file start_23.tsv (TSV, C-alpha atoms)
chain	number	residue	atom	x	y	z
A	554	MET	CA	-16.09	-8.94	-25.59
A	555	THR	CA	-12.45	-8.56	-26.61
A	556	LEU	CA	-11.96	-5.76	-24.09
A	557	LEU	CA	-13.76	-7.59	-21.31
A	558	ARG	CA	-11.60	-10.73	-21.46
A	559	PRO	CA	-8.31	-9.07	-20.35
A	560	ARG	CA	-10.19	-7.29	-17.58
A	561	ALA	CA	-11.79	-10.53	-16.45
A	562	ARG	CA	-8.39	-12.20	-16.37
A	563	ARG	CA	-7.03	-9.42	-14.15
A	564	ILE	CA	-9.76	-9.82	-11.54
A	565	PRO	CA	-8.15	-12.81	-9.74
A	566	LEU	CA	-4.75	-11.07	-9.80
A	567	ASN	CA	-6.22	-7.85	-8.44
A	568	ALA	CA	-8.11	-9.76	-5.77
A	569	ALA	CA	-4.94	-11.61	-4.76
A	570	ALA	CA	-3.06	-8.31	-4.60
A	571	VAL	CA	-5.73	-6.72	-2.41
A	572	LEU	CA	-5.78	-9.76	-0.11
A	573	THR	CA	-1.98	-9.67	0.21
A	574	VAL	CA	-2.03	-5.99	1.11
A	575	LEU	CA	-4.74	-6.54	3.72
A	576	VAL	CA	-2.86	-9.46	5.29
A	577	CYS	CA	0.35	-7.38	5.47
A	578	LEU	CA	-1.33	-4.27	6.84
A	579	PHE	CA	-3.59	-5.93	9.41
A	580	PRO	CA	-0.85	-6.39	12.06
A	581	VAL	CA	0.05	-2.71	11.68
A	582	TYR	CA	-3.59	-1.72	12.06
A	583	TRP	CA	-3.96	-3.96	15.12
A	584	MET	CA	-0.88	-2.40	16.70
A	585	ILE	CA	-2.20	1.15	16.17
A	586	SER	CA	-5.76	0.34	17.25
A	587	THR	CA	-4.51	-1.43	20.38
A	588	ALA	CA	-2.48	1.64	21.28
A	589	PHE	CA	-5.71	3.67	21.45
A	590	LYS	CA	-7.79	1.08	23.34
A	591	PRO	CA	-8.32	1.25	27.11
A	592	SER	CA	-6.60	-1.51	29.05
A	593	ARG	CA	-9.91	-3.22	29.83
A	594	ASP	CA	-10.60	-3.62	26.08
A	595	ILE	CA	-7.16	-5.04	25.28
A	596	GLN	CA	-7.13	-8.07	27.53
A	597	THR	CA	-10.65	-9.27	26.95
A	598	ALA	CA	-12.15	-12.54	25.83
A	599	ASP	CA	-14.15	-10.70	23.18
A	600	PRO	CA	-11.70	-8.47	21.24
A	601	LYS	CA	-13.21	-5.87	18.92
A	602	LEU	CA	-11.88	-5.03	15.48
A	603	PHE	CA	-12.54	-1.32	16.06
A	604	PRO	CA	-11.98	0.41	19.42
A	605	ARG	CA	-15.24	1.19	21.23
A	606	THR	CA	-13.60	3.99	23.19
A	607	TRP	CA	-10.36	5.85	22.52
A	608	THR	CA	-7.63	6.88	24.95
A	609	LEU	CA	-4.19	8.49	24.85
A	610	ASP	CA	-3.10	7.12	28.23
A	611	HIS	CA	-0.82	4.52	26.67
A	612	PHE	CA	1.01	7.16	24.65
A	613	ARG	CA	1.51	9.24	27.80
A	614	THR	CA	2.91	6.17	29.54
A	615	ALA	CA	5.31	5.54	26.67
A	616	VAL	CA	6.53	9.12	26.39
A	617	GLN	CA	6.95	9.49	30.14
A	618	ALA	CA	8.80	6.17	30.50
A	619	ASP	CA	12.37	6.26	31.79
A	620	GLY	CA	14.90	6.65	29.02
A	621	PHE	CA	12.51	7.57	26.22
A	622	GLU	CA	14.31	10.77	25.20
A	623	LEU	CA	17.77	9.30	25.80
A	624	PHE	CA	17.17	6.13	23.79
A	625	TRP	CA	15.48	8.14	21.05
A	626	ARG	CA	18.57	10.32	20.77
A	627	ASN	CA	20.83	7.26	20.77
A	628	SER	CA	18.88	5.65	17.92
A	629	VAL	CA	18.93	8.82	15.82
A	630	LEU	CA	22.65	9.34	16.40
A	631	VAL	CA	23.64	5.76	15.61
A	632	THR	CA	21.36	5.47	12.57
A	633	LEU	CA	22.38	8.73	10.91
A	634	SER	CA	26.08	8.16	11.60
A	635	ALA	CA	25.96	4.67	10.08
A	636	ILE	CA	24.13	5.92	6.98
A	637	LEU	CA	26.57	8.77	6.39
A	638	LEU	CA	29.60	6.50	6.80
A	639	ALA	CA	28.10	3.87	4.49
A	640	LEU	CA	27.29	6.44	1.79
A	641	LEU	CA	30.75	8.02	1.90
A	642	VAL	CA	32.55	4.68	1.55
A	643	ALA	CA	30.01	3.22	-0.89
A	644	ILE	CA	30.22	6.18	-3.30
A	645	GLY	CA	33.98	5.84	-3.61
A	646	SER	CA	33.89	2.05	-3.91
A	647	ALA	CA	31.01	2.01	-6.39
A	648	TYR	CA	32.69	4.66	-8.56
A	649	ALA	CA	35.97	2.74	-8.59
A	650	VAL	CA	34.21	-0.46	-9.65
A	651	ALA	CA	31.91	1.15	-12.24
A	652	ARG	CA	34.37	3.55	-13.88
A	653	MET	CA	37.85	2.14	-13.43
A	654	ARG	CA	39.52	-1.04	-14.64
A	655	TRP	CA	41.88	-2.52	-12.11
A	656	LYS	CA	43.12	-5.96	-11.16
A	657	GLY	CA	40.89	-7.70	-8.65
A	658	ARG	CA	37.78	-5.68	-9.47
A	659	ARG	CA	35.63	-8.75	-10.11
A	660	GLN	CA	36.96	-10.47	-7.00
A	661	PHE	CA	36.15	-7.37	-4.97
A	662	MET	CA	32.54	-7.37	-6.15
A	663	LEU	CA	32.30	-11.09	-5.45
A	664	MET	CA	33.35	-10.44	-1.87
A	665	VAL	CA	30.78	-7.66	-1.62
A	666	PHE	CA	28.03	-10.01	-2.81
A	667	ILE	CA	29.16	-12.68	-0.34
A	668	ALA	CA	29.10	-10.14	2.48
A	669	GLN	CA	25.61	-9.08	1.41
A	670	MET	CA	24.37	-12.67	1.48
A	671	ALA	CA	25.82	-13.48	4.90
A	672	PRO	CA	23.12	-13.58	7.61
A	673	TRP	CA	23.65	-10.91	10.24
A	674	GLU	CA	22.88	-13.27	13.10
A	675	SER	CA	25.86	-15.48	12.21
A	676	LEU	CA	28.19	-12.54	12.86
A	677	ILE	CA	26.98	-11.72	16.38
A	678	ILE	CA	29.46	-13.95	18.20
A	679	PRO	CA	32.54	-12.83	16.17
A	680	VAL	CA	31.51	-9.18	16.56
A	681	TYR	CA	30.99	-9.68	20.30
A	682	ILE	CA	34.43	-11.30	20.72
A	683	ILE	CA	36.15	-8.53	18.75
A	684	SER	CA	34.30	-5.84	20.70
A	685	ARG	CA	35.16	-7.49	24.01
A	686	ASP	CA	38.86	-7.89	23.18
A	687	THR	CA	39.14	-4.28	21.97
A	688	ASP	CA	37.20	-2.86	24.95
A	689	MET	CA	34.39	-1.62	22.67
A	690	LEU	CA	31.43	-3.18	24.44
A	691	ASP	CA	28.64	-0.93	25.77
A	692	ARG	CA	29.52	1.91	23.40
A	693	LEU	CA	27.44	3.61	20.73
A	694	PRO	CA	30.37	3.82	18.24
A	695	THR	CA	30.42	0.03	18.23
A	696	LEU	CA	26.77	-0.11	17.14
A	697	THR	CA	27.50	2.55	14.52
A	698	LEU	CA	30.31	0.46	13.04
A	699	VAL	CA	28.16	-2.68	13.07
A	700	TYR	CA	25.28	-0.98	11.23
A	701	PHE	CA	27.80	0.57	8.83
A	702	MET	CA	29.17	-2.92	8.13
A	703	VAL	CA	25.67	-4.31	7.55
A	704	THR	CA	24.48	-1.59	5.16
A	705	LEU	CA	27.71	-1.05	3.21
A	706	PRO	CA	27.53	-4.06	0.79
A	707	PHE	CA	24.00	-3.24	-0.32
A	708	SER	CA	24.93	0.43	-0.79
A	709	ILE	CA	27.91	-0.48	-2.98
A	710	VAL	CA	25.84	-2.81	-5.16
A	711	VAL	CA	23.04	-0.28	-5.74
A	712	LEU	CA	25.30	2.73	-6.33
A	713	ARG	CA	27.59	0.76	-8.63
A	714	GLY	CA	24.67	-0.12	-10.89
A	715	PHE	CA	23.41	3.44	-10.76
A	716	ILE	CA	26.78	4.97	-11.68
A	717	ALA	CA	27.01	2.55	-14.59
A	718	THR	CA	23.86	4.10	-16.08
A	719	ILE	CA	25.41	7.59	-16.15
A	720	PRO	CA	27.22	8.19	-19.48
A	721	PRO	CA	30.95	8.68	-18.81
A	722	GLU	CA	31.01	11.23	-21.65
A	723	LEU	CA	29.38	13.74	-19.29
A	724	GLU	CA	32.35	13.59	-16.94
A	725	GLU	CA	34.81	13.59	-19.83
A	726	ALA	CA	33.22	16.77	-21.18
A	727	ALA	CA	33.62	18.41	-17.78
A	728	GLN	CA	37.28	17.36	-17.70
A	729	VAL	CA	37.80	18.92	-21.11
A	730	ASP	CA	36.40	22.16	-19.69
A	731	GLY	CA	39.04	22.12	-16.96
A	732	CYS	CA	37.59	19.99	-14.14
A	733	THR	CA	39.65	17.34	-12.44
A	734	ARG	CA	38.29	13.82	-12.32
A	735	THR	CA	37.11	14.37	-8.76
A	736	GLY	CA	35.60	17.73	-9.68
A	737	ALA	CA	33.83	16.26	-12.69
A	738	PHE	CA	32.30	13.54	-10.52
A	739	ARG	CA	31.24	16.02	-7.85
A	740	ARG	CA	29.73	18.52	-10.28
A	741	VAL	CA	28.24	16.19	-12.90
A	742	ALA	CA	27.74	12.61	-11.70
A	743	LEU	CA	26.97	13.17	-8.01
A	744	PRO	CA	23.80	15.25	-8.61
A	745	LEU	CA	22.54	12.52	-10.94
A	746	LEU	CA	23.04	9.96	-8.16
A	747	ALA	CA	20.31	11.48	-5.99
A	748	PRO	CA	17.73	8.68	-6.54
A	749	GLY	CA	20.32	6.01	-5.81
A	750	LEU	CA	21.50	7.83	-2.69
A	751	MET	CA	17.90	8.16	-1.52
A	752	ALA	CA	17.23	4.46	-2.05
A	753	THR	CA	20.33	3.34	-0.18
A	754	SER	CA	19.67	5.85	2.60
A	755	LEU	CA	16.16	4.48	3.08
A	756	PHE	CA	17.43	0.92	3.26
A	757	GLY	CA	20.16	1.92	5.71
A	758	PHE	CA	17.76	3.89	7.88
A	759	ILE	CA	15.20	1.09	8.16
A	760	THR	CA	17.91	-1.50	8.80
A	761	ALA	CA	19.70	0.45	11.53
A	762	TRP	CA	16.56	1.93	13.09
A	763	ASN	CA	14.83	-1.45	13.53
A	764	GLU	CA	17.85	-3.56	14.52
A	765	PHE	CA	17.46	-5.26	17.90
A	766	ALA	CA	19.85	-8.21	18.22
A	767	TYR	CA	23.16	-6.32	18.15
A	768	ALA	CA	21.81	-3.46	20.26
A	769	ASN	CA	20.69	-5.94	22.91
A	770	PHE	CA	23.81	-8.12	22.70
A	771	LEU	CA	26.57	-5.49	22.62
A	772	ILE	CA	25.09	-3.05	25.16
A	773	ILE	CA	24.96	-4.99	28.41
A	774	LYS	CA	26.17	-2.96	31.39
A	775	HIS	CA	25.65	0.66	30.32
A	776	GLN	CA	21.89	0.93	29.96
A	777	ASP	CA	22.18	4.58	28.89
A	778	SER	CA	23.76	3.46	25.60
A	779	ARG	CA	20.80	1.36	24.48
A	780	THR	CA	18.54	2.19	21.57
A	781	LEU	CA	14.79	2.33	21.03
A	782	PRO	CA	14.27	-1.30	19.89
A	783	VAL	CA	15.68	-2.48	23.22
A	784	TRP	CA	13.64	0.14	25.07
A	785	LEU	CA	10.46	-1.38	23.60
A	786	SER	CA	11.02	-4.51	25.66
A	787	SER	CA	10.98	-2.55	28.93
A	788	PHE	CA	7.21	-2.25	29.39
A	789	GLN	CA	6.90	-4.91	32.03
A	790	ASN	CA	5.22	-4.77	35.41
A	791	THR	CA	4.37	-7.20	38.19
A	792	PHE	CA	1.32	-8.37	36.22
A	793	GLY	CA	3.16	-9.01	32.95
A	794	THR	CA	3.50	-6.98	29.78
A	795	ASP	CA	1.77	-3.63	29.50
A	796	TRP	CA	0.43	-4.27	26.00
A	797	GLY	CA	-1.19	-0.87	25.62
A	798	ALA	CA	2.03	1.00	26.37
A	799	THR	CA	4.00	-1.46	24.24
A	800	MET	CA	1.76	-0.91	21.23
A	801	ALA	CA	1.83	2.87	21.75
A	802	ALA	CA	5.62	2.83	21.98
A	803	SER	CA	5.80	0.65	18.86
A	804	THR	CA	3.60	3.13	17.01
A	805	LEU	CA	5.85	6.02	18.03
A	806	PHE	CA	8.86	3.95	17.06
A	807	ALA	CA	7.47	3.30	13.56
A	808	LEU	CA	6.68	6.95	12.80
A	809	PRO	CA	10.23	8.08	11.85
A	810	ALA	CA	10.70	5.21	9.39
A	811	LEU	CA	7.28	5.95	7.88
A	812	ALA	CA	8.11	9.65	7.59
A	813	VAL	CA	11.45	8.94	5.89
A	814	PHE	CA	9.77	6.55	3.45
A	815	LEU	CA	7.08	9.08	2.54
A	816	LEU	CA	9.72	11.74	1.94
A	817	LEU	CA	11.89	9.50	-0.24
A	818	GLN	CA	9.32	7.27	-1.94
A	819	ARG	CA	9.51	9.10	-5.28
A	820	HIS	CA	13.21	8.31	-5.53
A	821	VAL	CA	13.15	4.79	-4.12
A	822	THR	CA	11.67	2.94	-7.10
A	823	SER	CA	13.90	4.61	-9.66
A	824	GLY	CA	16.93	4.15	-7.42
A	825	PHE	CA	16.41	0.41	-6.92
A	826	ALA	CA	15.55	-0.12	-10.59
A	827	ALA	CA	18.59	1.77	-11.84
A	828	GLY	CA	20.83	-0.06	-9.43
A	829	ALA	CA	19.69	-3.39	-10.86
A	830	VAL	CA	19.96	-2.50	-14.58
A	831	LYS	CA	23.67	-2.60	-15.21
A	832	GLY	CA	26.67	-3.89	-13.39
call {"tool": "encode", "arguments": {"input": "start_23.tsv", "output": "structure tokens"}}
result
Amino acid sequence: MTLLRPRARRIPLNAAAVLTVLVCLFPVYWMISTAFKPSRDIQTADPKLFPRTWTLDHFRTAVQADGFELFWRNSVLVTLSAILLALLVAIGSAYAVARMRWKGRRQFMLMVFIAQMAPWESLIIPVYIISRDTDMLDRLPTLTLVYFMVTLPFSIVVLRGFIATIPPELEEAAQVDGCTRTGAFRRVALPLLAPGLMATSLFGFITAWNEFAYANFLIIKHQDSRTLPVWLSSFQNTFGTDWGATMAASTLFALPALAVFLLLQRHVTSGFAAGAVKG
């Protein structure tokens, strides 16, 4: 009886967890299943939970759509460039805050937290005005800088906490053996930062890959500079939205983020946890 009581108490919690997972995953399932349904089964008064027949026509429509390869390349280029820039700057900033003592360090971290809390949407108009006045509208480097700006505060916060968990004696021992401070960090601390780098990279990838508002707002005239999220809104015809092609394109769009998560998932939990332990 003693062993059964804790198990009985966990039943409602487990049931609530299962229900939450089902509610969160159902829209994803509906998107994927709709992508494989024939058009006649999508817009029907009697929708089925499981497709009665399967088709790949919607995926062919999505892949053969104008701009698919170009916008795919634009999204990959902008996302990877923003992540690399954010990691390079965040590593230096996080190391300076975690290891060094200098005037204004606390104020710097306060500004980083404020920047992290600021809603992205509130910055669209200032970013647009700056881009317009500097002749940077309709350019991929502008999107890269915007996504770099959005992901940088979070990267600094996570990497700062992660660096704080690495004993400084390891770097001091390397310096005693003849390494410079930079060499000691590169040879000793940087390899230990792998989980934190993976966690911040995943966050940056998902953020930049899925972003729509800035990509739609800053790329106006030059359609060839748009990214995949904007491309998803192009499946329109004279009869309205082509929901089958839209769902197929959304499925293809979600695959890279899913692949990156599956590759990095072992490092994500430890990276986020370590980044929140010390500061």
call {"tool": "closest_residue", "arguments": {"input": "start_23.tsv", "among": "A:Ala618, A:Val581, A:Leu743, A:Val729", "to": "Ile716 of chain A", "atoms": "only C-alpha atoms"}}
result
A:Leu743
call {"tool": "atom_distance", "arguments": {"input": "start_23.tsv", "atom1": "atom CA of Ala671 of chain A", "atom2": "atom CA of Pro706 of chain A"}}
result
10.4 Å
call {"tool": "residues_around", "arguments": {"input": "start_23.tsv", "residues": "Ala801 of chain A", "least_positions_apart": "4", "cutoff": "10 Å", "atoms": "all atoms listed in the file", "output": "list in words"}}
result
Met584, Ile585, Ser586, Thr587, Ala588, Phe589, Lys590, Leu609, Asp610, His611, Phe612, Arg613, Thr614, Ala615, Val616, Leu785, Trp796, Gly797, Leu805, Phe806 and Ala807 of chain A
call {"tool": "residues_around", "arguments": {"input": "start_23.tsv", "residues": "Ala761 of chain A", "least_positions_apart": "2", "cutoff": "8 Å", "atoms": "all atoms listed in the file", "output": "PyMOL selection string"}}
result
chain A and resi 631-632+635+700+757-759+763-764
call {"tool": "axis_aligned_box", "arguments": {"input": "start_23.tsv", "around": "segment 570-582 of chain A", "padding_each_side": "8 Å", "output": "AutoDock Vina command-line options"}}
result
--center_x -2.7 --center_y -5.7 --center_z 3.7 --size_x 22.1 --size_y 24.0 --size_z 32.7
